[in-house]
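Below is one structure; the comments refer to it alone.
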Amino acid sequence: MSDAPEEHKTPAASRTVMTELVLPEDTNNYGHIFGGRLLALADKCAAMAAMRHCRMPVVTASFDRVDFLQPVRQGMIVILTSEVNAAFTTSMEVGVRIEAEDPRSGARLATSRALISLVAIDENGRPSPVPPLEPETDEERQRMARARERKAQRLRLRDEF
Ligand SMILES: CC(C)(COP(=O)(O)OP(=O)(O)OC[C@H]1O[C@@H](n2cnc3c(N)ncnc32)[C@H](O)[C@@H]1OP(=O)(O)O)[C@@H](O)C(=O)NCCC(=O)NCCS
């Protein structure tokens with residue numbers, strides 16, 4: 001493992017927004033987007049936020065929470081927003097919010113959210129230290145505190161599974 005990077009990064013520095021149109025090949029026989037398609041988009045959006053935080057390649061270690069709150073229909077615009085919630089030694093928890101926008105009215109609905117853990121890796125594929133996260137707002141500080149609480153629980157569940 002190389003030396004830990006010193007430079008602090010804000011959550012805003014990792015914020016990533018991704019926009020996709022829901023096409024027929026993305027949907028099931030009810031015309032709703034496949035859950036797996038949303039997971040793939042969320043994974044990609046989370047990876048970009050994590051890479052922006054650490055400026056290194058990352059791998060996904062786990063998805064520990066995904067909620068599908070509303071179905072997303074063909075023809076809707078999907079907007080994914082990701083941000084690093086907490087940075088640990090070599091891993092980061094990234095939160096992804098997914099909204100669906102009706103292209104005719106512009107109305108937006110929160111449809112899904114996910115918590116994804118990613119690990120920075122070096123050229124040998126080994127975990128590598130990431131910069132500390134420096135939250136700027138009370139909300140970001142609370143989000144980081146909750147992510148810290150989840151980390152121990154996440155590893156315990158991994159070992160029990
Ligand atoms: C994720 C991976 C790099 C962890 O490697 P490892 O040798 O188990 O590493 P360690 O046990 O030293 O853990 C390294 C970090 O990963 C975290 N981690 C390991 N498993 C985890 C899991 N299931 N969920 C969340 N974090 C996890 C550890 O908490 C640790 O974080 P920290 O350094 O911030 O404390 C390794 O398991 C791997 O390469 N998995 C395959 C990844 C992959 O192919 N993803 C899909 C395609 S991108």
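Going through the structure tokens in order, the chains are called A, B, and so on, while each chain numbers its residues from 1 and the ligands are numbered from 1 in the order shown.
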
Show me which residues line ligand 1, defined as having an atom within 10 Å of a ligand atom where only C-alpha atoms and all ligand atoms count, and present them as a ChimeraX atom specification.
/A:1,43-44,47,57-64,86-93,116-122,125-130,150-159

When DSSP works through the backbone of this structure, what residues of stretch 2-144 of chain A end up as helix (DSSP H, G or I), shown as a PDB file with all heavy atoms, in the first residue's frame?
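Below is the file selection_1.pdb, written as the result:
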```pdb
ATOM      1  N   PRO A  11     -17.249  16.865  -0.531  1.00  0.00           N
ATOM      2  CA  PRO A  11     -18.230  16.051  -1.260  1.00  0.00           C
ATOM      3  C   PRO A  11     -18.573  16.678  -2.611  1.00  0.00           C
ATOM      4  O   PRO A  11     -18.748  15.956  -3.603  1.00  0.00           O
ATOM      5  CB  PRO A  11     -19.441  16.031  -0.317  1.00  0.00           C
ATOM      6  CG  PRO A  11     -18.847  16.211   1.046  1.00  0.00           C
ATOM      7  CD  PRO A  11     -17.695  17.160   0.844  1.00  0.00           C
ATOM      8  N   ALA A  12     -18.647  18.001  -2.664  1.00  0.00           N
ATOM      9  CA  ALA A  12     -19.024  18.675  -3.917  1.00  0.00           C
ATOM     10  C   ALA A  12     -18.024  18.358  -5.036  1.00  0.00           C
ATOM     11  O   ALA A  12     -18.396  18.287  -6.211  1.00  0.00           O
ATOM     12  CB  ALA A  12     -19.116  20.181  -3.709  1.00  0.00           C
ATOM     13  N   ALA A  13     -16.756  18.148  -4.666  1.00  0.00           N
ATOM     14  CA  ALA A  13     -15.729  17.867  -5.690  1.00  0.00           C
ATOM     15  C   ALA A  13     -15.976  16.529  -6.380  1.00  0.00           C
ATOM     16  O   ALA A  13     -15.483  16.298  -7.481  1.00  0.00           O
ATOM     17  CB  ALA A  13     -14.343  17.885  -5.046  1.00  0.00           C
ATOM     18  N   SER A  14     -16.736  15.652  -5.726  1.00  0.00           N
ATOM     19  CA  SER A  14     -17.002  14.332  -6.332  1.00  0.00           C
ATOM     20  C   SER A  14     -18.360  14.277  -7.024  1.00  0.00           C
ATOM     21  O   SER A  14     -18.668  13.294  -7.703  1.00  0.00           O
ATOM     22  CB  SER A  14     -16.965  13.250  -5.244  1.00  0.00           C
ATOM     23  OG  SER A  14     -18.079  13.366  -4.385  1.00  0.00           O
ATOM     24  N   PRO A  24     -36.642   1.352 -25.377  1.00  0.00           N
ATOM     25  CA  PRO A  24     -37.339   0.057 -25.301  1.00  0.00           C
ATOM     26  C   PRO A  24     -36.463  -1.080 -24.778  1.00  0.00           C
ATOM     27  O   PRO A  24     -36.936  -1.920 -24.006  1.00  0.00           O
ATOM     28  CB  PRO A  24     -37.778  -0.187 -26.749  1.00  0.00           C
ATOM     29  CG  PRO A  24     -37.894   1.178 -27.339  1.00  0.00           C
ATOM     30  CD  PRO A  24     -36.837   2.007 -26.677  1.00  0.00           C
ATOM     31  N   GLU A  25     -35.168  -1.106 -25.180  1.00  0.00           N
ATOM     32  CA  GLU A  25     -34.321  -2.228 -24.730  1.00  0.00           C
ATOM     33  C   GLU A  25     -34.007  -2.173 -23.227  1.00  0.00           C
ATOM     34  O   GLU A  25     -33.483  -3.138 -22.673  1.00  0.00           O
ATOM     35  CB  GLU A  25     -33.013  -2.288 -25.535  1.00  0.00           C
ATOM     36  CG  GLU A  25     -32.087  -1.107 -25.372  1.00  0.00           C
ATOM     37  CD  GLU A  25     -32.219  -0.098 -26.510  1.00  0.00           C
ATOM     38  OE1 GLU A  25     -33.321   0.026 -27.079  1.00  0.00           O
ATOM     39  OE2 GLU A  25     -31.211   0.567 -26.821  1.00  0.00           O
ATOM     40  N   ASP A  26     -34.318  -1.049 -22.583  1.00  0.00           N
ATOM     41  CA  ASP A  26     -34.069  -0.916 -21.137  1.00  0.00           C
ATOM     42  C   ASP A  26     -35.247  -1.411 -20.306  1.00  0.00           C
ATOM     43  O   ASP A  26     -35.167  -1.422 -19.069  1.00  0.00           O
ATOM     44  CB  ASP A  26     -33.861   0.567 -20.762  1.00  0.00           C
ATOM     45  CG  ASP A  26     -32.706   1.194 -21.502  1.00  0.00           C
ATOM     46  OD1 ASP A  26     -31.671   0.517 -21.644  1.00  0.00           O
ATOM     47  OD2 ASP A  26     -32.838   2.367 -21.934  1.00  0.00           O
ATOM     48  N   GLY A  35     -34.764  -3.239 -13.124  1.00  0.00           N
ATOM     49  CA  GLY A  35     -33.992  -2.881 -11.926  1.00  0.00           C
ATOM     50  C   GLY A  35     -32.500  -3.007 -12.188  1.00  0.00           C
ATOM     51  O   GLY A  35     -31.703  -2.164 -11.757  1.00  0.00           O
ATOM     52  N   GLY A  36     -32.117  -4.051 -12.928  1.00  0.00           N
ATOM     53  CA  GLY A  36     -30.692  -4.281 -13.206  1.00  0.00           C
ATOM     54  C   GLY A  36     -30.083  -3.172 -14.044  1.00  0.00           C
ATOM     55  O   GLY A  36     -28.907  -2.842 -13.897  1.00  0.00           O
ATOM     56  N   ARG A  37     -30.895  -2.587 -14.915  1.00  0.00           N
ATOM     57  CA  ARG A  37     -30.399  -1.476 -15.744  1.00  0.00           C
ATOM     58  C   ARG A  37     -30.130  -0.257 -14.842  1.00  0.00           C
ATOM     59  O   ARG A  37     -29.109   0.427 -14.999  1.00  0.00           O
ATOM     60  CB  ARG A  37     -31.455  -1.146 -16.812  1.00  0.00           C
ATOM     61  CG  ARG A  37     -31.104   0.002 -17.695  1.00  0.00           C
ATOM     62  CD  ARG A  37     -30.091  -0.375 -18.772  1.00  0.00           C
ATOM     63  NE  ARG A  37     -29.785   0.776 -19.596  1.00  0.00           N
ATOM     64  CZ  ARG A  37     -28.568   1.316 -19.699  1.00  0.00           C
ATOM     65  NH1 ARG A  37     -27.548   0.820 -19.056  1.00  0.00           N
ATOM     66  NH2 ARG A  37     -28.381   2.360 -20.469  1.00  0.00           N
ATOM     67  N   LEU A  38     -31.049  -0.034 -13.906  1.00  0.00           N
ATOM     68  CA  LEU A  38     -30.836   1.094 -12.980  1.00  0.00           C
ATOM     69  C   LEU A  38     -29.601   0.856 -12.111  1.00  0.00           C
ATOM     70  O   LEU A  38     -28.845   1.787 -11.826  1.00  0.00           O
ATOM     71  CB  LEU A  38     -32.065   1.293 -12.083  1.00  0.00           C
ATOM     72  CG  LEU A  38     -33.195   2.154 -12.646  1.00  0.00           C
ATOM     73  CD1 LEU A  38     -34.300   2.290 -11.607  1.00  0.00           C
ATOM     74  CD2 LEU A  38     -32.716   3.540 -13.073  1.00  0.00           C
ATOM     75  N   LEU A  39     -29.399  -0.422 -11.708  1.00  0.00           N
ATOM     76  CA  LEU A  39     -28.215  -0.732 -10.889  1.00  0.00           C
ATOM     77  C   LEU A  39     -26.939  -0.461 -11.677  1.00  0.00           C
ATOM     78  O   LEU A  39     -25.969   0.076 -11.136  1.00  0.00           O
ATOM     79  CB  LEU A  39     -28.226  -2.196 -10.449  1.00  0.00           C
ATOM     80  CG  LEU A  39     -29.297  -2.622  -9.444  1.00  0.00           C
ATOM     81  CD1 LEU A  39     -29.062  -4.054  -9.013  1.00  0.00           C
ATOM     82  CD2 LEU A  39     -29.293  -1.717  -8.230  1.00  0.00           C
ATOM     83  N   ALA A  40     -26.937  -0.848 -12.977  1.00  0.00           N
ATOM     84  CA  ALA A  40     -25.742  -0.623 -13.802  1.00  0.00           C
ATOM     85  C   ALA A  40     -25.458   0.874 -13.929  1.00  0.00           C
ATOM     86  O   ALA A  40     -24.304   1.311 -13.838  1.00  0.00           O
ATOM     87  CB  ALA A  40     -25.933  -1.258 -15.178  1.00  0.00           C
ATOM     88  N   LEU A  41     -26.522   1.668 -14.129  1.00  0.00           N
ATOM     89  CA  LEU A  41     -26.334   3.119 -14.239  1.00  0.00           C
ATOM     90  C   LEU A  41     -25.835   3.697 -12.910  1.00  0.00           C
ATOM     91  O   LEU A  41     -24.942   4.548 -12.878  1.00  0.00           O
ATOM     92  CB  LEU A  41     -27.650   3.792 -14.647  1.00  0.00           C
ATOM     93  CG  LEU A  41     -28.149   3.504 -16.068  1.00  0.00           C
ATOM     94  CD1 LEU A  41     -29.557   4.062 -16.259  1.00  0.00           C
ATOM     95  CD2 LEU A  41     -27.205   4.095 -17.113  1.00  0.00           C
ATOM     96  N   ALA A  42     -26.420   3.207 -11.800  1.00  0.00           N
ATOM     97  CA  ALA A  42     -26.024   3.707 -10.472  1.00  0.00           C
ATOM     98  C   ALA A  42     -24.558   3.361 -10.194  1.00  0.00           C
ATOM     99  O   ALA A  42     -23.799   4.181  -9.659  1.00  0.00           O
ATOM    100  CB  ALA A  42     -26.923   3.111  -9.399  1.00  0.00           C
ATOM    101  N   ASP A  43     -24.143   2.146 -10.592  1.00  0.00           N
ATOM    102  CA  ASP A  43     -22.759   1.702 -10.380  1.00  0.00           C
ATOM    103  C   ASP A  43     -21.786   2.623 -11.133  1.00  0.00           C
ATOM    104  O   ASP A  43     -20.765   3.069 -10.600  1.00  0.00           O
ATOM    105  CB  ASP A  43     -22.655   0.258 -10.890  1.00  0.00           C
ATOM    106  CG  ASP A  43     -21.381  -0.434 -10.470  1.00  0.00           C
ATOM    107  OD1 ASP A  43     -20.757  -0.007  -9.491  1.00  0.00           O
ATOM    108  OD2 ASP A  43     -21.018  -1.427 -11.134  1.00  0.00           O
ATOM    109  N   LYS A  44     -22.143   2.939 -12.385  1.00  0.00           N
ATOM    110  CA  LYS A  44     -21.291   3.796 -13.215  1.00  0.00           C
ATOM    111  C   LYS A  44     -21.198   5.208 -12.620  1.00  0.00           C
ATOM    112  O   LYS A  44     -20.114   5.796 -12.536  1.00  0.00           O
ATOM    113  CB  LYS A  44     -21.904   3.855 -14.615  1.00  0.00           C
ATOM    114  CG  LYS A  44     -21.049   4.431 -15.696  1.00  0.00           C
ATOM    115  CD  LYS A  44     -21.804   4.223 -17.004  1.00  0.00           C
ATOM    116  CE  LYS A  44     -21.135   4.767 -18.202  1.00  0.00           C
ATOM    117  NZ  LYS A  44     -21.968   4.596 -19.409  1.00  0.00           N
ATOM    118  N   CYS A  45     -22.340   5.725 -12.199  1.00  0.00           N
ATOM    119  CA  CYS A  45     -22.384   7.090 -11.639  1.00  0.00           C
ATOM    120  C   CYS A  45     -21.581   7.144 -10.331  1.00  0.00           C
ATOM    121  O   CYS A  45     -20.844   8.099 -10.072  1.00  0.00           O
ATOM    122  CB  CYS A  45     -23.855   7.475 -11.432  1.00  0.00           C
ATOM    123  SG  CYS A  45     -24.107   9.214 -11.126  1.00  0.00           S
ATOM    124  N   ALA A  46     -21.706   6.071  -9.503  1.00  0.00           N
ATOM    125  CA  ALA A  46     -20.958   6.012  -8.242  1.00  0.00           C
ATOM    126  C   ALA A  46     -19.459   5.924  -8.521  1.00  0.00           C
ATOM    127  O   ALA A  46     -18.652   6.565  -7.832  1.00  0.00           O
ATOM    128  CB  ALA A  46     -21.415   4.802  -7.428  1.00  0.00           C
ATOM    129  N   ALA A  47     -19.080   5.134  -9.522  1.00  0.00           N
ATOM    130  CA  ALA A  47     -17.650   4.975  -9.835  1.00  0.00           C
ATOM    131  C   ALA A  47     -17.041   6.321 -10.239  1.00  0.00           C
ATOM    132  O   ALA A  47     -15.908   6.641  -9.847  1.00  0.00           O
ATOM    133  CB  ALA A  47     -17.463   3.949 -10.947  1.00  0.00           C
ATOM    134  N   MET A  48     -17.809   7.121 -10.990  1.00  0.00           N
ATOM    135  CA  MET A  48     -17.266   8.423 -11.407  1.00  0.00           C
ATOM    136  C   MET A  48     -17.059   9.344 -10.199  1.00  0.00           C
ATOM    137  O   MET A  48     -16.049  10.052 -10.111  1.00  0.00           O
ATOM    138  CB  MET A  48     -18.172   9.062 -12.454  1.00  0.00           C
ATOM    139  CG  MET A  48     -18.041   8.370 -13.797  1.00  0.00           C
ATOM    140  SD  MET A  48     -18.842   9.278 -15.129  1.00  0.00           S
ATOM    141  CE  MET A  48     -20.510   8.683 -14.967  1.00  0.00           C
ATOM    142  N   ALA A  49     -18.010   9.326  -9.252  1.00  0.00           N
ATOM    143  CA  ALA A  49     -17.846  10.164  -8.048  1.00  0.00           C
ATOM    144  C   ALA A  49     -16.623   9.701  -7.255  1.00  0.00           C
ATOM    145  O   ALA A  49     -15.807  10.521  -6.806  1.00  0.00           O
ATOM    146  CB  ALA A  49     -19.109  10.084  -7.180  1.00  0.00           C
ATOM    147  N   ALA A  50     -16.467   8.374  -7.123  1.00  0.00           N
ATOM    148  CA  ALA A  50     -15.333   7.848  -6.346  1.00  0.00           C
ATOM    149  C   ALA A  50     -14.008   8.188  -7.034  1.00  0.00           C
ATOM    150  O   ALA A  50     -13.044   8.595  -6.378  1.00  0.00           O
ATOM    151  CB  ALA A  50     -15.494   6.336  -6.185  1.00  0.00           C
ATOM    152  N   MET A  51     -13.964   8.064  -8.370  1.00  0.00           N
ATOM    153  CA  MET A  51     -12.720   8.383  -9.092  1.00  0.00           C
ATOM    154  C   MET A  51     -12.400   9.871  -8.993  1.00  0.00           C
ATOM    155  O   MET A  51     -11.241  10.266  -8.901  1.00  0.00           O
ATOM    156  CB  MET A  51     -12.826   7.952 -10.556  1.00  0.00           C
ATOM    157  CG  MET A  51     -12.759   6.447 -10.727  1.00  0.00           C
ATOM    158  SD  MET A  51     -12.600   5.949 -12.456  1.00  0.00           S
ATOM    159  CE  MET A  51     -14.211   6.312 -13.085  1.00  0.00           C
ATOM    160  N   ARG A  52     -13.454  10.698  -9.003  1.00  0.00           N
ATOM    161  CA  ARG A  52     -13.207  12.143  -8.869  1.00  0.00           C
ATOM    162  C   ARG A  52     -12.645  12.465  -7.483  1.00  0.00           C
ATOM    163  O   ARG A  52     -11.879  13.414  -7.320  1.00  0.00           O
ATOM    164  CB  ARG A  52     -14.514  12.920  -9.098  1.00  0.00           C
ATOM    165  CG  ARG A  52     -14.839  13.034 -10.567  1.00  0.00           C
ATOM    166  CD  ARG A  52     -16.135  13.758 -10.786  1.00  0.00           C
ATOM    167  NE  ARG A  52     -16.244  14.167 -12.188  1.00  0.00           N
ATOM    168  CZ  ARG A  52     -17.369  14.523 -12.780  1.00  0.00           C
ATOM    169  NH1 ARG A  52     -18.511  14.527 -12.097  1.00  0.00           N
ATOM    170  NH2 ARG A  52     -17.375  14.887 -14.042  1.00  0.00           N
ATOM    171  N   HIS A  53     -13.066  11.667  -6.483  1.00  0.00           N
ATOM    172  CA  HIS A  53     -12.548  11.909  -5.135  1.00  0.00           C
ATOM    173  C   HIS A  53     -11.072  11.527  -5.025  1.00  0.00           C
ATOM    174  O   HIS A  53     -10.272  12.279  -4.495  1.00  0.00           O
ATOM    175  CB  HIS A  53     -13.375  11.131  -4.093  1.00  0.00           C
ATOM    176  CG  HIS A  53     -12.881  11.347  -2.700  1.00  0.00           C
ATOM    177  ND1 HIS A  53     -13.186  12.480  -1.973  1.00  0.00           N
ATOM    178  CD2 HIS A  53     -12.046  10.605  -1.919  1.00  0.00           C
ATOM    179  CE1 HIS A  53     -12.569  12.422  -0.800  1.00  0.00           C
ATOM    180  NE2 HIS A  53     -11.876  11.286  -0.749  1.00  0.00           N
ATOM    181  N   CYS A  54     -10.753  10.316  -5.543  1.00  0.00           N
ATOM    182  CA  CYS A  54      -9.391   9.814  -5.287  1.00  0.00           C
ATOM    183  C   CYS A  54      -8.456   9.928  -6.484  1.00  0.00           C
ATOM    184  O   CYS A  54      -7.248   9.740  -6.341  1.00  0.00           O
ATOM    185  CB  CYS A  54      -9.459   8.375  -4.790  1.00  0.00           C
ATOM    186  SG  CYS A  54     -10.087   7.206  -6.007  1.00  0.00           S
ATOM    187  N   ASP A 138     -23.713  21.161   7.278  1.00  0.00           N
ATOM    188  CA  ASP A 138     -24.201  20.282   8.354  1.00  0.00           C
ATOM    189  C   ASP A 138     -24.753  18.990   7.779  1.00  0.00           C
ATOM    190  O   ASP A 138     -24.540  17.908   8.326  1.00  0.00           O
ATOM    191  CB  ASP A 138     -25.291  20.992   9.165  1.00  0.00           C
ATOM    192  CG  ASP A 138     -24.686  22.034  10.085  1.00  0.00           C
ATOM    193  OD1 ASP A 138     -23.451  21.996  10.286  1.00  0.00           O
ATOM    194  OD2 ASP A 138     -25.441  22.889  10.587  1.00  0.00           O
ATOM    195  N   GLU A 139     -25.468  19.106   6.648  1.00  0.00           N
ATOM    196  CA  GLU A 139     -26.045  17.912   6.032  1.00  0.00           C
ATOM    197  C   GLU A 139     -24.932  16.934   5.617  1.00  0.00           C
ATOM    198  O   GLU A 139     -25.043  15.721   5.828  1.00  0.00           O
ATOM    199  CB  GLU A 139     -26.874  18.322   4.807  1.00  0.00           C
ATOM    200  CG  GLU A 139     -27.720  17.193   4.268  1.00  0.00           C
ATOM    201  CD  GLU A 139     -28.412  17.567   2.965  1.00  0.00           C
ATOM    202  OE1 GLU A 139     -28.752  18.745   2.785  1.00  0.00           O
ATOM    203  OE2 GLU A 139     -28.584  16.664   2.137  1.00  0.00           O
ATOM    204  N   GLU A 140     -23.860  17.471   5.054  1.00  0.00           N
ATOM    205  CA  GLU A 140     -22.745  16.593   4.640  1.00  0.00           C
ATOM    206  C   GLU A 140     -22.060  15.966   5.851  1.00  0.00           C
ATOM    207  O   GLU A 140     -21.646  14.805   5.807  1.00  0.00           O
ATOM    208  CB  GLU A 140     -21.739  17.394   3.808  1.00  0.00           C
ATOM    209  CG  GLU A 140     -22.261  17.751   2.416  1.00  0.00           C
ATOM    210  CD  GLU A 140     -21.380  18.754   1.679  1.00  0.00           C
ATOM    211  OE1 GLU A 140     -20.395  19.252   2.255  1.00  0.00           O
ATOM    212  OE2 GLU A 140     -21.701  19.065   0.521  1.00  0.00           O
ATOM    213  N   ARG A 141     -21.975  16.730   6.943  1.00  0.00           N
ATOM    214  CA  ARG A 141     -21.368  16.172   8.163  1.00  0.00           C
ATOM    215  C   ARG A 141     -22.228  15.028   8.705  1.00  0.00           C
ATOM    216  O   ARG A 141     -21.713  13.986   9.110  1.00  0.00           O
ATOM    217  CB  ARG A 141     -21.203  17.266   9.229  1.00  0.00           C
ATOM    218  CG  ARG A 141     -19.912  18.060   9.059  1.00  0.00           C
ATOM    219  CD  ARG A 141     -19.710  19.069  10.166  1.00  0.00           C
ATOM    220  NE  ARG A 141     -20.451  20.293   9.904  1.00  0.00           N
ATOM    221  CZ  ARG A 141     -20.027  21.275   9.104  1.00  0.00           C
ATOM    222  NH1 ARG A 141     -18.853  21.196   8.513  1.00  0.00           N
ATOM    223  NH2 ARG A 141     -20.757  22.353   8.899  1.00  0.00           N
ATOM    224  N   GLN A 142     -23.560  15.219   8.677  1.00  0.00           N
ATOM    225  CA  GLN A 142     -24.465  14.165   9.156  1.00  0.00           C
ATOM    226  C   GLN A 142     -24.374  12.934   8.260  1.00  0.00           C
ATOM    227  O   GLN A 142     -24.381  11.799   8.732  1.00  0.00           O
ATOM    228  CB  GLN A 142     -25.903  14.673   9.180  1.00  0.00           C
ATOM    229  CG  GLN A 142     -26.178  15.602  10.357  1.00  0.00           C
ATOM    230  CD  GLN A 142     -27.482  16.359  10.186  1.00  0.00           C
ATOM    231  OE1 GLN A 142     -28.308  15.995   9.356  1.00  0.00           O
ATOM    232  NE2 GLN A 142     -27.658  17.407  10.975  1.00  0.00           N
ATOM    233  N   ARG A 143     -24.306  13.177   6.951  1.00  0.00           N
ATOM    234  CA  ARG A 143     -24.216  12.059   6.011  1.00  0.00           C
ATOM    235  C   ARG A 143     -22.930  11.247   6.266  1.00  0.00           C
ATOM    236  O   ARG A 143     -22.922  10.031   6.239  1.00  0.00           O
ATOM    237  CB  ARG A 143     -24.208  12.612   4.578  1.00  0.00           C
ATOM    238  CG  ARG A 143     -25.060  11.796   3.640  1.00  0.00           C
ATOM    239  CD  ARG A 143     -24.996  12.318   2.250  1.00  0.00           C
ATOM    240  NE  ARG A 143     -25.724  13.548   2.061  1.00  0.00           N
ATOM    241  CZ  ARG A 143     -25.363  14.534   1.225  1.00  0.00           C
ATOM    242  NH1 ARG A 143     -24.278  14.424   0.500  1.00  0.00           N
ATOM    243  NH2 ARG A 143     -26.092  15.613   1.100  1.00  0.00           N
ATOM    244  N   MET A 144     -21.837  11.952   6.544  1.00  0.00           N
ATOM    245  CA  MET A 144     -20.572  11.265   6.801  1.00  0.00           C
ATOM    246  C   MET A 144     -20.659  10.457   8.102  1.00  0.00           C
ATOM    247  O   MET A 144     -20.200   9.305   8.159  1.00  0.00           O
ATOM    248  CB  MET A 144     -19.427  12.278   6.873  1.00  0.00           C
ATOM    249  CG  MET A 144     -18.079  11.633   7.011  1.00  0.00           C
ATOM    250  SD  MET A 144     -16.734  12.768   6.644  1.00  0.00           S
ATOM    251  CE  MET A 144     -16.368  13.364   8.264  1.00  0.00           C
TER     252      MET A 144
END
```

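Residue nearest A:Leu21, chosen from A:His8, A:Thr81, A:Ala100, A:Arg65 and counting only C-alpha atoms: A:Ala100.
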
Residue nearest A:Glu134 among A:Ser105, A:Val84, A:Val94, A:Val17 (counting only C-alpha atoms):
A:Val84

Separation of atom CA of A:Arg104 from atom CA of A:Leu69 in Å
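Going from atom CA of A:Leu69 over to atom CA of A:Arg104, I get 21.6 Å.
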
Interatomic distance between atom CA of A:Glu160 and atom CA of A:Phe68?
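Separation of atom CA of A:Glu160 and atom CA of A:Phe68: 25.1 Å.
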
Of A:Leu109, A:Met56, A:Val78, A:Leu133, the one sitting nearest A:Val22 when using only C-alpha atoms is A:Val78

Would you pick out the contacts of A:Gln74 at 7 Å or less, using only C-alpha atoms, so that residues sharing its chain but fewer than 6 positions from it are not included, and give the list as a ChimeraX atom specification?
/A:22-24,27,31-33

DSSP strand (DSSP E) residues within stretch 63-154 of chain A, listed as JSON, numbers by chain
{"A": [63, 64, 65, 66, 67, 68, 77, 78, 79, 80, 81, 82, 83, 84, 85, 86, 87, 91, 92, 93, 94, 95, 96, 97, 98, 99, 100, 101, 108, 109, 110, 111, 112, 113, 114, 115, 116, 117, 118, 119, 120]}

So what do you get for atom CA of A:Gly75 versus atom CA of A:Gly95, distance-wise?
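Interatomic distance here is 25.2 Å.
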